[in-house]
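*Asks:* Pasting my_file.tsv below, which is TSV, C-alpha atoms and all ligand atoms.
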```
chain	number	residue	atom	x	y	z
A	1238	MET	CA	1.85	5.66	24.52
A	1239	LEU	CA	0.75	2.25	23.30
A	1240	ASP	CA	-0.27	-0.60	25.57
A	1241	VAL	CA	1.20	-3.24	23.28
A	1242	GLN	CA	0.12	-6.17	25.40
A	1243	LYS	CA	-3.47	-5.00	25.30
A	1244	ILE	CA	-3.24	-4.40	21.54
A	1245	ARG	CA	-1.89	-7.93	21.01
A	1246	ASP	CA	-5.00	-9.31	22.68
A	1247	ASP	CA	-7.02	-7.80	19.81
A	1248	PHE	CA	-5.30	-10.13	17.31
A	1249	PRO	CA	-6.29	-13.78	17.77
A	1250	ILE	CA	-3.63	-15.03	15.32
A	1251	LEU	CA	-0.81	-13.72	17.51
A	1252	THR	CA	-1.42	-16.51	20.05
A	1253	ARG	CA	-0.73	-19.31	17.61
A	1254	GLU	CA	2.42	-21.37	17.30
A	1255	VAL	CA	4.46	-22.12	14.18
A	1256	ASN	CA	6.76	-25.13	14.18
A	1257	GLY	CA	6.27	-25.44	17.93
A	1258	LYS	CA	7.36	-21.85	18.62
A	1259	PRO	CA	5.27	-18.75	19.30
A	1260	LEU	CA	4.53	-16.99	16.01
A	1261	VAL	CA	6.62	-13.87	15.39
A	1262	TYR	CA	4.96	-12.09	12.49
A	1263	PHE	CA	7.38	-9.76	10.68
A	1264	ASP	CA	5.81	-9.82	7.22
A	1265	ASN	CA	3.60	-6.80	7.80
A	1266	ALA	CA	4.71	-5.03	4.63
A	1267	ALA	CA	3.13	-7.87	2.62
A	1268	THR	CA	-0.07	-7.97	4.62
A	1269	SER	CA	-1.11	-7.01	8.14
A	1270	GLN	CA	-2.90	-9.18	10.66
A	1271	THR	CA	-6.59	-8.75	11.40
A	1272	PRO	CA	-8.02	-7.57	14.73
A	1273	GLN	CA	-11.10	-9.21	16.25
A	1274	VAL	CA	-13.33	-6.18	15.54
A	1275	VAL	CA	-12.70	-6.59	11.82
A	1276	ILE	CA	-13.28	-10.34	11.97
A	1277	ASP	CA	-16.52	-9.65	13.87
A	1278	ALA	CA	-17.67	-7.17	11.22
A	1279	ILE	CA	-17.16	-9.82	8.53
A	1280	VAL	CA	-19.03	-12.48	10.50
A	1281	ASP	CA	-21.80	-10.01	11.32
A	1282	TYR	CA	-22.29	-9.08	7.67
A	1283	TYR	CA	-22.68	-12.68	6.51
A	1284	SER	CA	-24.70	-13.66	9.59
A	1285	SER	CA	-27.20	-10.86	9.59
A	1286	TYR	CA	-27.50	-8.63	6.52
A	1287	ASN	CA	-25.80	-10.23	3.51
A	1288	ALA	CA	-27.51	-8.76	0.41
A	1289	ASN	CA	-26.64	-7.03	-2.84
A	1290	ILE	CA	-26.40	-3.25	-2.62
A	1291	HIS	CA	-27.87	-0.28	-4.52
A	1292	ARG	CA	-30.55	-2.51	-6.06
A	1293	GLY	CA	-33.16	-3.90	-3.74
A	1294	VAL	CA	-35.96	-2.11	-1.96
A	1295	HIS	CA	-35.92	-4.84	0.66
A	1296	THR	CA	-34.61	-4.26	4.16
A	1297	LEU	CA	-31.45	-6.36	3.96
A	1298	SER	CA	-30.36	-4.65	0.76
A	1299	GLN	CA	-30.90	-1.26	2.33
A	1300	GLU	CA	-28.96	-2.21	5.45
A	1301	ALA	CA	-26.06	-3.48	3.34
A	1302	THR	CA	-26.14	-0.37	1.12
A	1303	ASP	CA	-26.14	1.92	4.16
A	1304	ALA	CA	-23.23	0.08	5.76
A	1305	TYR	CA	-21.25	0.16	2.49
A	1306	GLU	CA	-21.84	3.89	1.99
A	1307	ILE	CA	-20.94	4.60	5.63
A	1308	ALA	CA	-17.64	2.81	4.97
A	1309	ARG	CA	-17.04	5.03	1.91
A	1310	LYS	CA	-17.66	8.06	4.10
A	1311	LYS	CA	-15.17	6.79	6.70
A	1312	ILE	CA	-12.57	6.30	3.97
A	1313	GLN	CA	-13.27	9.82	2.67
A	1314	GLU	CA	-12.78	11.30	6.12
A	1315	HIS	CA	-9.69	9.25	6.83
A	1316	PHE	CA	-7.95	10.35	3.63
A	1317	GLY	CA	-9.21	13.91	3.80
A	1318	ALA	CA	-11.08	13.89	0.47
A	1319	LYS	CA	-13.51	16.72	-0.22
A	1320	TYR	CA	-16.36	14.45	-1.40
A	1321	ALA	CA	-17.36	10.83	-0.71
A	1322	HIS	CA	-17.85	10.31	-4.46
A	1323	GLU	CA	-14.14	10.94	-4.99
A	1324	ILE	CA	-13.53	7.60	-3.23
A	1325	ILE	CA	-13.81	4.59	-5.57
A	1326	LEU	CA	-13.84	1.21	-3.87
A	1327	THR	CA	-11.66	-1.25	-5.78
A	1328	SER	CA	-10.18	-4.69	-5.22
A	1329	GLY	CA	-6.89	-3.12	-4.10
A	1330	THR	CA	-3.95	-0.93	-5.06
A	1331	THR	CA	-3.21	-2.88	-8.24
A	1332	HIS	CA	-6.79	-2.53	-9.46
A	1333	SER	CA	-6.81	1.19	-8.58
A	1334	ILE	CA	-3.61	1.84	-10.55
A	1335	ASN	CA	-4.94	-0.05	-13.56
A	1336	ILE	CA	-8.11	2.06	-13.59
A	1337	ILE	CA	-5.97	5.18	-13.99
A	1338	ALA	CA	-3.41	3.68	-16.38
A	1339	THR	CA	-6.18	2.43	-18.66
A	1340	GLY	CA	-8.13	5.65	-18.36
A	1341	PHE	CA	-5.19	7.73	-19.56
A	1342	THR	CA	-4.99	5.82	-22.85
A	1343	SER	CA	-7.23	8.32	-24.62
A	1344	LEU	CA	-5.53	11.32	-22.99
A	1345	LEU	CA	-1.93	10.64	-24.09
A	1346	SER	CA	-0.24	10.83	-27.46
A	1347	LYS	CA	3.05	9.78	-28.95
A	1348	GLY	CA	5.99	11.59	-27.38
A	1349	ASP	CA	4.20	12.45	-24.14
A	1350	GLU	CA	6.22	11.50	-21.08
A	1351	ILE	CA	5.43	9.59	-17.91
A	1352	ILE	CA	7.83	9.71	-14.96
A	1353	VAL	CA	8.03	6.87	-12.44
A	1354	SER	CA	10.45	6.34	-9.57
A	1355	ALA	CA	13.17	3.69	-9.34
A	1356	LEU	CA	11.64	2.52	-6.06
A	1357	GLU	CA	8.42	1.21	-7.52
A	1358	HIS	CA	6.52	-1.99	-6.84
A	1359	HIS	CA	5.89	-3.99	-10.04
A	1360	SER	CA	2.22	-3.04	-9.83
A	1361	ASN	CA	3.35	0.54	-10.34
A	1362	ILE	CA	5.67	-0.18	-13.26
A	1363	VAL	CA	3.94	-2.67	-15.52
A	1364	PRO	CA	0.63	-0.78	-16.03
A	1365	TRP	CA	2.64	2.28	-17.19
A	1366	GLN	CA	4.72	0.23	-19.58
A	1367	MET	CA	1.49	-1.13	-21.04
A	1368	LEU	CA	0.10	2.41	-21.27
A	1369	CYS	CA	3.25	3.51	-23.12
A	1370	GLU	CA	2.87	0.61	-25.57
A	1371	ARG	CA	-0.71	1.63	-26.31
A	1372	THR	CA	-0.03	5.34	-26.72
A	1373	GLY	CA	3.61	5.79	-27.79
A	1374	ALA	CA	4.30	7.73	-24.60
A	1375	ILE	CA	7.80	7.48	-23.10
A	1376	LEU	CA	8.63	6.20	-19.61
A	1377	LYS	CA	11.34	8.06	-17.65
A	1378	VAL	CA	12.73	6.95	-14.30
A	1379	ILE	CA	13.82	9.01	-11.27
A	1380	PRO	CA	16.96	7.13	-10.17
A	1381	MET	CA	17.83	6.08	-6.61
A	1382	ASN	CA	21.06	6.36	-4.59
A	1383	GLU	CA	22.90	3.86	-2.32
A	1384	ASP	CA	20.74	4.82	0.68
A	1385	GLY	CA	17.62	3.93	-1.28
A	1386	GLU	CA	16.48	7.54	-1.76
A	1387	LEU	CA	15.26	9.21	-4.94
A	1388	VAL	CA	17.76	11.52	-6.62
A	1389	MET	CA	15.65	14.64	-6.73
A	1390	ASN	CA	17.87	16.86	-8.87
A	1391	VAL	CA	17.50	14.33	-11.69
A	1392	TYR	CA	13.73	14.54	-11.22
A	1393	ASP	CA	14.00	18.30	-11.80
A	1394	GLN	CA	15.81	17.62	-15.08
A	1395	LEU	CA	13.28	15.01	-16.24
A	1396	LEU	CA	10.30	17.32	-15.81
A	1397	SER	CA	9.25	19.26	-18.91
A	1398	ASN	CA	6.17	20.41	-20.77
A	1399	SER	CA	6.01	16.89	-22.26
A	1400	THR	CA	5.47	15.37	-18.79
A	1401	LYS	CA	1.85	14.36	-18.47
A	1402	LEU	CA	1.94	12.01	-15.48
A	1403	VAL	CA	4.17	11.32	-12.49
A	1404	PHE	CA	3.87	8.16	-10.40
A	1405	THR	CA	5.66	7.20	-7.25
A	1406	ASN	CA	5.00	5.33	-4.07
A	1407	HIS	CA	4.64	7.27	-0.85
A	1408	ILE	CA	6.76	4.72	1.03
A	1409	SER	CA	8.85	1.97	-0.59
A	1410	ASN	CA	7.72	-1.54	0.34
A	1411	ALA	CA	11.16	-3.03	-0.32
A	1412	LEU	CA	13.28	-0.55	1.65
A	1413	GLY	CA	10.88	1.52	3.77
A	1414	THR	CA	12.08	4.86	2.33
A	1415	ILE	CA	9.59	7.72	2.78
A	1416	ASN	CA	9.60	9.65	-0.50
A	1417	PRO	CA	9.34	13.47	-0.61
A	1418	ILE	CA	5.89	13.37	-2.21
A	1419	GLU	CA	5.00	16.98	-1.36
A	1420	GLU	CA	7.91	18.19	-3.46
A	1421	ILE	CA	7.20	15.64	-6.22
A	1422	ILE	CA	3.56	16.75	-6.47
A	1423	GLU	CA	4.29	20.46	-6.40
A	1424	LYS	CA	6.97	20.28	-9.09
A	1425	ALA	CA	4.83	18.06	-11.34
A	1426	HIS	CA	1.96	20.50	-11.10
A	1427	ARG	CA	4.25	23.34	-12.17
A	1428	VAL	CA	4.60	21.68	-15.59
A	1429	GLY	CA	0.92	20.72	-15.70
A	1430	ALA	CA	1.40	16.97	-15.03
A	1431	ALA	CA	-0.98	14.85	-12.95
A	1432	VAL	CA	0.36	12.83	-10.01
A	1433	LEU	CA	-0.65	9.43	-8.70
A	1434	ILE	CA	0.74	8.33	-5.34
A	1435	ASP	CA	0.80	4.63	-4.43
A	1436	GLY	CA	0.03	4.73	-0.71
A	1437	ALA	CA	-0.18	0.95	-0.16
A	1438	GLN	CA	2.87	0.91	2.09
A	1439	ALA	CA	2.35	4.31	3.67
A	1440	CYS	CA	-1.17	3.89	4.99
A	1441	PRO	CA	-0.29	1.43	7.77
A	1442	HIS	CA	2.08	4.07	9.19
A	1443	VAL	CA	0.75	7.53	8.35
A	1444	LYS	CA	-2.56	9.24	7.74
A	1445	PRO	CA	-2.33	11.03	4.39
A	1446	ASP	CA	-4.36	14.16	3.69
A	1447	VAL	CA	-5.11	14.18	-0.03
A	1448	LYS	CA	-6.50	17.70	0.03
A	1449	ALA	CA	-3.46	19.18	1.78
A	1450	LEU	CA	-1.16	17.20	-0.56
A	1451	ASP	CA	-3.17	18.49	-3.53
A	1452	VAL	CA	-2.53	15.08	-5.10
A	1453	ASP	CA	-4.57	14.05	-8.16
A	1454	PHE	CA	-4.85	10.34	-7.34
A	1455	TYR	CA	-3.98	8.33	-4.23
A	1456	VAL	CA	-4.41	4.55	-3.90
A	1457	ALA	CA	-4.23	1.98	-1.09
A	1458	SER	CA	-5.19	-1.59	-0.08
A	1459	ALA	CA	-7.20	-2.47	3.04
A	1460	HIS	CA	-5.20	-5.62	3.79
A	1461	LYS	CA	-2.08	-3.66	4.73
A	1462	LEU	CA	-3.93	-1.67	7.38
A	1463	CYS	CA	-5.68	-4.38	9.37
A	1464	GLY	CA	-8.51	-4.85	6.85
A	1465	PRO	CA	-9.35	-7.86	4.68
A	1466	THR	CA	-7.78	-8.78	1.32
A	1467	GLY	CA	-9.50	-8.04	-1.98
A	1468	VAL	CA	-10.57	-4.47	-1.24
A	1469	GLY	CA	-8.88	-1.11	-1.61
A	1470	MET	CA	-9.46	2.46	-2.61
A	1471	LEU	CA	-8.79	4.97	-5.35
A	1472	TYR	CA	-9.03	8.63	-4.51
A	1473	GLY	CA	-9.26	10.90	-7.50
A	1474	LYS	CA	-9.99	14.62	-7.72
A	1475	GLU	CA	-13.56	15.02	-8.95
A	1476	ASP	CA	-12.48	16.78	-12.17
A	1477	TRP	CA	-10.10	13.98	-13.08
A	1478	LEU	CA	-12.60	11.21	-12.35
A	1479	ASN	CA	-15.17	12.98	-14.50
A	1480	LYS	CA	-12.65	13.32	-17.33
A	1481	LEU	CA	-11.51	9.68	-17.32
A	1482	PRO	CA	-13.56	7.00	-19.11
A	1483	PRO	CA	-14.95	4.03	-17.14
A	1484	TYR	CA	-12.63	1.06	-16.71
A	1485	GLN	CA	-15.10	-1.81	-16.97
A	1486	GLY	CA	-18.60	-1.99	-18.36
A	1487	GLY	CA	-21.36	-3.78	-16.53
A	1488	GLY	CA	-24.06	-3.44	-13.93
A	1489	GLU	CA	-24.05	-0.59	-11.39
A	1490	MET	CA	-22.03	1.75	-13.61
A	1491	ILE	CA	-24.78	2.77	-16.04
A	1492	GLU	CA	-27.50	5.39	-16.07
A	1493	GLN	CA	-29.43	4.03	-19.05
A	1494	VAL	CA	-28.80	1.15	-21.40
A	1495	THR	CA	-30.23	0.58	-24.85
A	1496	PHE	CA	-28.57	-1.34	-27.67
A	1497	GLU	CA	-27.93	1.96	-29.44
A	1498	LYS	CA	-26.25	3.79	-26.60
A	1499	THR	CA	-25.46	3.56	-22.92
A	1500	THR	CA	-24.99	6.52	-20.65
A	1501	TYR	CA	-22.80	6.14	-17.59
A	1502	ALA	CA	-23.71	6.64	-13.99
A	1503	GLY	CA	-22.15	9.49	-12.06
A	1504	LEU	CA	-19.33	9.17	-9.53
A	1505	PRO	CA	-18.43	6.92	-7.82
A	1506	HIS	CA	-20.58	4.27	-9.56
A	1507	LYS	CA	-19.08	4.93	-12.99
A	1508	PHE	CA	-15.95	3.09	-11.80
A	1509	GLU	CA	-17.69	0.39	-9.79
A	1510	ALA	CA	-19.11	-2.03	-12.34
A	1511	GLY	CA	-20.53	-5.29	-11.01
A	1512	THR	CA	-21.18	-6.47	-7.47
A	1513	PRO	CA	-18.33	-5.18	-5.34
A	1514	ASN	CA	-16.66	-6.75	-2.29
A	1515	ILE	CA	-19.47	-5.49	-0.06
A	1516	CYS	CA	-18.36	-7.18	3.12
A	1517	GLY	CA	-14.74	-6.18	2.44
A	1518	GLY	CA	-15.67	-2.53	2.00
A	1519	ILE	CA	-17.59	-2.49	5.27
A	1520	ALA	CA	-14.70	-4.21	7.07
A	1521	PHE	CA	-12.25	-1.69	5.53
A	1522	GLY	CA	-14.18	1.07	7.31
A	1523	VAL	CA	-14.03	-0.84	10.60
A	1524	ALA	CA	-10.26	-1.37	10.17
A	1525	LEU	CA	-9.76	2.40	9.73
A	1526	ASP	CA	-11.78	3.02	12.90
A	1527	TYR	CA	-9.59	0.54	14.73
A	1528	MET	CA	-6.31	2.11	13.55
A	1529	ASN	CA	-7.60	5.61	14.33
A	1530	SER	CA	-8.62	4.51	17.83
A	1531	ILE	CA	-4.98	3.61	18.45
A	1532	GLY	CA	-3.84	6.79	16.73
A	1533	PHE	CA	-1.37	7.19	13.89
A	1534	ASP	CA	0.96	9.40	15.94
A	1535	ASN	CA	1.22	6.67	18.58
A	1536	ILE	CA	1.69	4.03	15.90
A	1537	ALA	CA	4.48	5.99	14.17
A	1538	ALA	CA	6.31	6.76	17.43
A	1539	TYR	CA	6.26	3.14	18.59
A	1540	GLU	CA	7.19	1.68	15.20
A	1541	ASN	CA	10.15	4.09	15.02
A	1542	GLU	CA	11.31	2.77	18.35
A	1543	LEU	CA	11.10	-0.79	16.98
A	1544	LEU	CA	12.96	0.29	13.84
A	1545	GLU	CA	15.81	1.85	15.81
A	1546	TYR	CA	16.05	-1.09	18.16
A	1547	GLY	CA	15.93	-3.68	15.36
A	1548	THR	CA	18.47	-1.78	13.23
A	1549	GLN	CA	20.93	-1.52	16.09
A	1550	LYS	CA	20.56	-5.16	17.17
A	1551	LEU	CA	20.78	-6.62	13.67
A	1552	LEU	CA	23.86	-4.53	12.82
A	1553	GLU	CA	25.66	-6.15	15.76
A	1554	ILE	CA	25.71	-9.35	13.68
A	1555	GLU	CA	28.96	-9.46	11.75
A	1556	GLY	CA	28.56	-9.56	7.97
A	1557	LEU	CA	24.97	-8.30	8.05
A	1558	LYS	CA	24.21	-5.47	5.62
A	1559	ILE	CA	21.05	-3.39	5.62
A	1560	TYR	CA	19.66	-2.07	2.32
A	1561	GLY	CA	17.69	1.14	2.56
A	1562	THR	CA	19.47	3.45	4.98
A	1563	SER	CA	17.60	6.71	4.47
A	1564	LYS	CA	17.03	8.77	7.59
A	1565	ASN	CA	13.45	9.06	6.39
A	1566	LYS	CA	12.13	5.54	6.62
A	1567	THR	CA	9.46	3.40	8.26
A	1568	SER	CA	9.78	0.13	10.15
A	1569	VAL	CA	11.09	-2.05	7.31
A	1570	ILE	CA	14.53	-3.64	7.53
A	1571	SER	CA	15.81	-5.28	4.36
A	1572	PHE	CA	19.09	-7.13	4.89
A	1573	ASN	CA	21.46	-9.86	3.78
A	1574	LEU	CA	24.15	-11.93	5.43
A	1575	ASP	CA	27.51	-12.13	3.65
A	1576	ASN	CA	27.36	-14.58	0.74
A	1577	ILE	CA	24.25	-16.33	2.07
A	1578	HIS	CA	21.12	-16.52	-0.08
A	1579	PRO	CA	18.16	-14.69	1.52
A	1580	TYR	CA	15.90	-17.67	0.86
A	1581	ASP	CA	18.08	-19.90	3.05
A	1582	VAL	CA	17.93	-17.41	5.92
A	1583	GLY	CA	14.15	-17.13	5.56
A	1584	THR	CA	13.74	-20.91	5.69
A	1585	ILE	CA	15.75	-21.30	8.87
A	1586	VAL	CA	14.05	-18.46	10.74
A	1587	ASP	CA	10.64	-19.87	9.73
A	1588	LYS	CA	11.62	-23.14	11.43
A	1589	LEU	CA	11.94	-21.00	14.56
A	1590	GLY	CA	8.42	-19.58	14.15
A	1591	ILE	CA	9.45	-16.24	12.61
A	1592	ALA	CA	7.74	-14.98	9.44
A	1593	VAL	CA	9.94	-12.71	7.29
A	1594	ARG	CA	9.82	-12.07	3.58
A	1595	THR	CA	12.61	-13.13	1.25
A	1596	GLY	CA	13.10	-12.32	-2.41
A	1597	HIS	CA	12.78	-9.24	-4.59
A	1598	HIS	CA	9.59	-7.92	-2.89
A	1599	CYS	CA	7.97	-7.18	-6.26
A	1600	ALA	CA	10.70	-4.59	-6.84
A	1601	GLN	CA	13.31	-6.25	-9.06
A	1602	PRO	CA	14.80	-2.97	-10.34
A	1603	ILE	CA	15.86	-2.13	-6.76
A	1604	MET	CA	17.59	-5.51	-6.40
A	1605	ASP	CA	19.32	-4.97	-9.75
A	1606	PHE	CA	20.57	-1.61	-8.48
A	1607	TYR	CA	22.24	-3.29	-5.49
A	1608	LYS	CA	23.31	-6.28	-7.67
A	1609	ILE	CA	21.69	-8.79	-5.30
A	1610	PRO	CA	19.09	-11.53	-5.94
A	1611	GLY	CA	16.91	-10.29	-3.11
A	1612	THR	CA	16.89	-9.52	0.59
A	1613	VAL	CA	15.45	-10.80	3.85
A	1614	ARG	CA	12.83	-8.27	4.87
A	1615	ALA	CA	11.56	-7.87	8.42
A	1616	SER	CA	8.74	-5.34	8.64
A	1617	PHE	CA	7.38	-4.31	12.03
A	1618	SER	CA	3.88	-3.30	13.01
A	1619	PHE	CA	2.49	-1.63	16.13
A	1620	TYR	CA	1.57	-5.05	17.58
A	1621	ASN	CA	5.18	-6.30	17.47
A	1622	THR	CA	7.57	-6.16	20.45
A	1623	LYS	CA	11.27	-5.78	21.19
A	1624	GLU	CA	11.27	-9.34	22.58
A	1625	GLU	CA	10.18	-10.54	19.14
A	1626	ILE	CA	13.06	-8.59	17.59
A	1627	ASP	CA	15.42	-10.31	20.03
A	1628	ALA	CA	14.05	-13.66	18.82
A	1629	LEU	CA	14.72	-12.62	15.22
A	1630	VAL	CA	18.28	-11.59	16.03
A	1631	GLU	CA	18.94	-14.95	17.72
A	1632	ALA	CA	17.41	-16.80	14.75
A	1633	VAL	CA	19.52	-14.87	12.23
A	1634	LYS	CA	22.65	-15.64	14.26
A	1635	LYS	CA	21.71	-19.29	14.19
A	1636	ALA	CA	21.10	-19.18	10.44
A	1637	LYS	CA	24.51	-17.60	9.97
A	1638	MET	CA	26.19	-20.33	12.01
A	1639	MET	CA	24.43	-23.09	10.09
A	1640	LEU	CA	24.99	-21.61	6.63
A	1641	SER	CA	28.50	-20.21	6.71
A	1701	LIG	C1	1.47	-4.12	-1.54
A	1701	LIG	C2	1.83	-3.03	-2.45
A	1701	LIG	C3	1.22	-2.88	-3.70
A	1701	LIG	C4	0.22	-3.87	-4.23
A	1701	LIG	O1	-0.91	-3.94	-3.45
A	1701	LIG	P1	-2.03	-5.05	-3.78
A	1701	LIG	O2	-2.89	-5.03	-2.55
A	1701	LIG	O3	-1.31	-6.34	-3.97
A	1701	LIG	O4	-2.75	-4.62	-5.00
A	1701	LIG	C5	1.60	-1.81	-4.48
A	1701	LIG	N1	2.50	-0.93	-4.07
A	1701	LIG	C6	3.12	-1.03	-2.87
A	1701	LIG	C7	4.11	0.02	-2.46
A	1701	LIG	C8	2.81	-2.08	-2.02
A	1701	LIG	O5	3.41	-2.17	-0.84
```
Using structure tokens, write down the structure that the file contains.
*Replies:*
Amino acid sequence: MLDVQKIRDDFPILTREVNGKPLVYFDNAATSQTPQVVIDAIVDYYSSYNANIHRGVHTLSQEATDAYEIARKKIQEHFGAKYAHEIILTSGTTHSINIIATGFTSLLSKGDEIIVSALEHHSNIVPWQMLCERTGAILKVIPMNEDGELVMNVYDQLLSNSTKLVFTNHISNALGTINPIEEIIEKAHRVGAAVLIDGAQACPHVKPDVKALDVDFYVASAHKLCGPTGVGMLYGKEDWLNKLPPYQGGGEMIEQVTFEKTTYAGLPHKFEAGTPNICGGIAFGVALDYMNSIGFDNIAAYENELLEYGTQKLLEIEGLKIYGTSKNKTSVISFNLDNIHPYDVGTIVDKLGIAVRTGHHCAQPIMDFYKIPGTVRASFSFYNTKEEIDALVEAVKKAKMMLS
């Protein structure tokens, strides 16, 4: 089991106050907080071996290159990839998705079909719409039900020999639903389609195994799993990454350049043009070590406890409705109070030191489905406590009193 008090000591930010109250941080689905070991790794990089990688023969450059490549190896092991060169370091999930969406431009033709889920983040909708505009491919959507789950028998009907790509998130950031990605991947492969899974919201809670999933592409951001912002990963099966063209041209991604012709570097450098977020990549590796030292089974068990407790306590408030009621969900509670705008609730609870998210959570189609402008979203992490949930419940009651 987790020693939550000890874990909280790892996060310096958790001791601060907001508006004269102890900070209660429940916006973990937007970004996680950063433990001291990750902060130390960042300070250490800039204090002792800051240098550009893969270029210099000098000592600092070699130290930085080694540390960066060790981080890639850690990411490979964490995600269960066969080779380190199947891990592309990017600026985050959005960047990773755009590499694939752009790369598929030359592989699709008019009438080909792309399937996305109704539960997507905007970053997993817009790049596909742009791809469809470029190629004449058609976007199809797996619908959702009232509980916030994908309607899988419609997915079966959408799949055909015209399906070239299927995209869905592993876990919905707006509702917390865990999608049946094993089934989605297997069925897509039966018709010869490739699958990209957006793991940005899943990786703080579960440890995916890309080889066991047999997924073609899997993407995530470091800042949602205790790492820094501005760095993330793209896993792609070697064959796919070899088939796709580079995304950006520039330094690092070439083998030979003349004005007549340039040949590209091999994997992973082909997709890593320019100086990357070196420090961020190294800190990403340290963040994975930190999460693994706590253990994803422990994290999931404790967060489920918080989810059950929070769900039960919040539902005791009259007029409170929770959106996203799948039995298969992670520690995200999206809710509204009768006739009260989520923004107003968010403002009042912030006055009491509690950080929640309000709005459409970059998932407007989900809000349209429920015919609401947005929700209040409280998302719990392994460093949160039941006492903090009690504080949220009291704050929401107060907001209700003041606003109704
Ligand atoms: C946060 C998130 C993204 C976007 O991640 P960035 O780090 O902003 O690129 C995409 N999809 C889901 C499900 C997310 O939760």
*Asks:* Given the choices A:Glu1386, A:Glu1306, A:Asp1264, A:Asp1240, which gets closest to ligand LIG 1701 (chain A) if the distance is worked out from only C-alpha atoms and all ligand atoms?
*Replies:*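 Among the listed residues, A:Asp1264 lies closest to ligand LIG 1701 (chain A).
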*Asks:* Would you mind listing the residues within 9 Å of ligand LIG 1701 (chain A), counting only C-alpha atoms and all ligand atoms, as a CSV table (one decimal) with C-alpha atoms, in the frame of the given file?
*Replies:*
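Listing of out-v9.csv after writing:
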```
chain,number,residue,atom,x,y,z
A,1266,ALA,CA,4.7,-5.0,4.6
A,1267,ALA,CA,3.1,-7.9,2.6
A,1268,THR,CA,-0.1,-8.0,4.6
A,1328,SER,CA,-10.2,-4.7,-5.2
A,1329,GLY,CA,-6.9,-3.1,-4.1
A,1330,THR,CA,-4.0,-0.9,-5.1
A,1331,THR,CA,-3.2,-2.9,-8.2
A,1332,HIS,CA,-6.8,-2.5,-9.5
A,1333,SER,CA,-6.8,1.2,-8.6
A,1334,ILE,CA,-3.6,1.8,-10.6
A,1356,LEU,CA,11.6,2.5,-6.1
A,1357,GLU,CA,8.4,1.2,-7.5
A,1358,HIS,CA,6.5,-2.0,-6.8
A,1359,HIS,CA,5.9,-4.0,-10.0
A,1360,SER,CA,2.2,-3.0,-9.8
A,1361,ASN,CA,3.4,0.5,-10.3
A,1405,THR,CA,5.7,7.2,-7.2
A,1406,ASN,CA,5.0,5.3,-4.1
A,1407,HIS,CA,4.6,7.3,-0.8
A,1408,ILE,CA,6.8,4.7,1.0
A,1409,SER,CA,8.8,2.0,-0.6
A,1410,ASN,CA,7.7,-1.5,0.3
A,1411,ALA,CA,11.2,-3.0,-0.3
A,1435,ASP,CA,0.8,4.6,-4.4
A,1436,GLY,CA,0.0,4.7,-0.7
A,1437,ALA,CA,-0.2,1.0,-0.2
A,1438,GLN,CA,2.9,0.9,2.1
A,1439,ALA,CA,2.4,4.3,3.7
A,1456,VAL,CA,-4.4,4.6,-3.9
A,1457,ALA,CA,-4.2,2.0,-1.1
A,1458,SER,CA,-5.2,-1.6,-0.1
A,1459,ALA,CA,-7.2,-2.5,3.0
A,1460,HIS,CA,-5.2,-5.6,3.8
A,1461,LYS,CA,-2.1,-3.7,4.7
A,1466,THR,CA,-7.8,-8.8,1.3
A,1467,GLY,CA,-9.5,-8.0,-2.0
A,1468,VAL,CA,-10.6,-4.5,-1.2
A,1469,GLY,CA,-8.9,-1.1,-1.6
A,1598,HIS,CA,9.6,-7.9,-2.9
A,1599,CYS,CA,8.0,-7.2,-6.3
```
*Asks:* Would you kindly return, as a PyMOL selection string, each protein, DNA or RNA residue with an atom no farther than 7 Å from any atom of Phe1619 of chain A, considering all atoms listed in the file and excluding same-chain residues fewer than 3 positions away?
*Replies:* chain A and resi 1536+1539-1540
*Asks:* Measuring atom to atom with only C-alpha atoms, identify which of A:Arg1292, A:Lys1448, A:Lys1558, A:Arg1253 is nearest to Gly1473 of chain A.
*Replies:*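 Among A:Arg1292, A:Lys1448, A:Lys1558, A:Arg1253, it is A:Lys1448 that comes nearest to Gly1473 of chain A.
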*Asks:* Using all atoms listed in the file, find the one residue out of A:Gln1493, A:Thr1414, A:Gln1485, A:Ser1269 that sits nearest to Ile1336 of chain A.
*Replies:* A:Gln1485
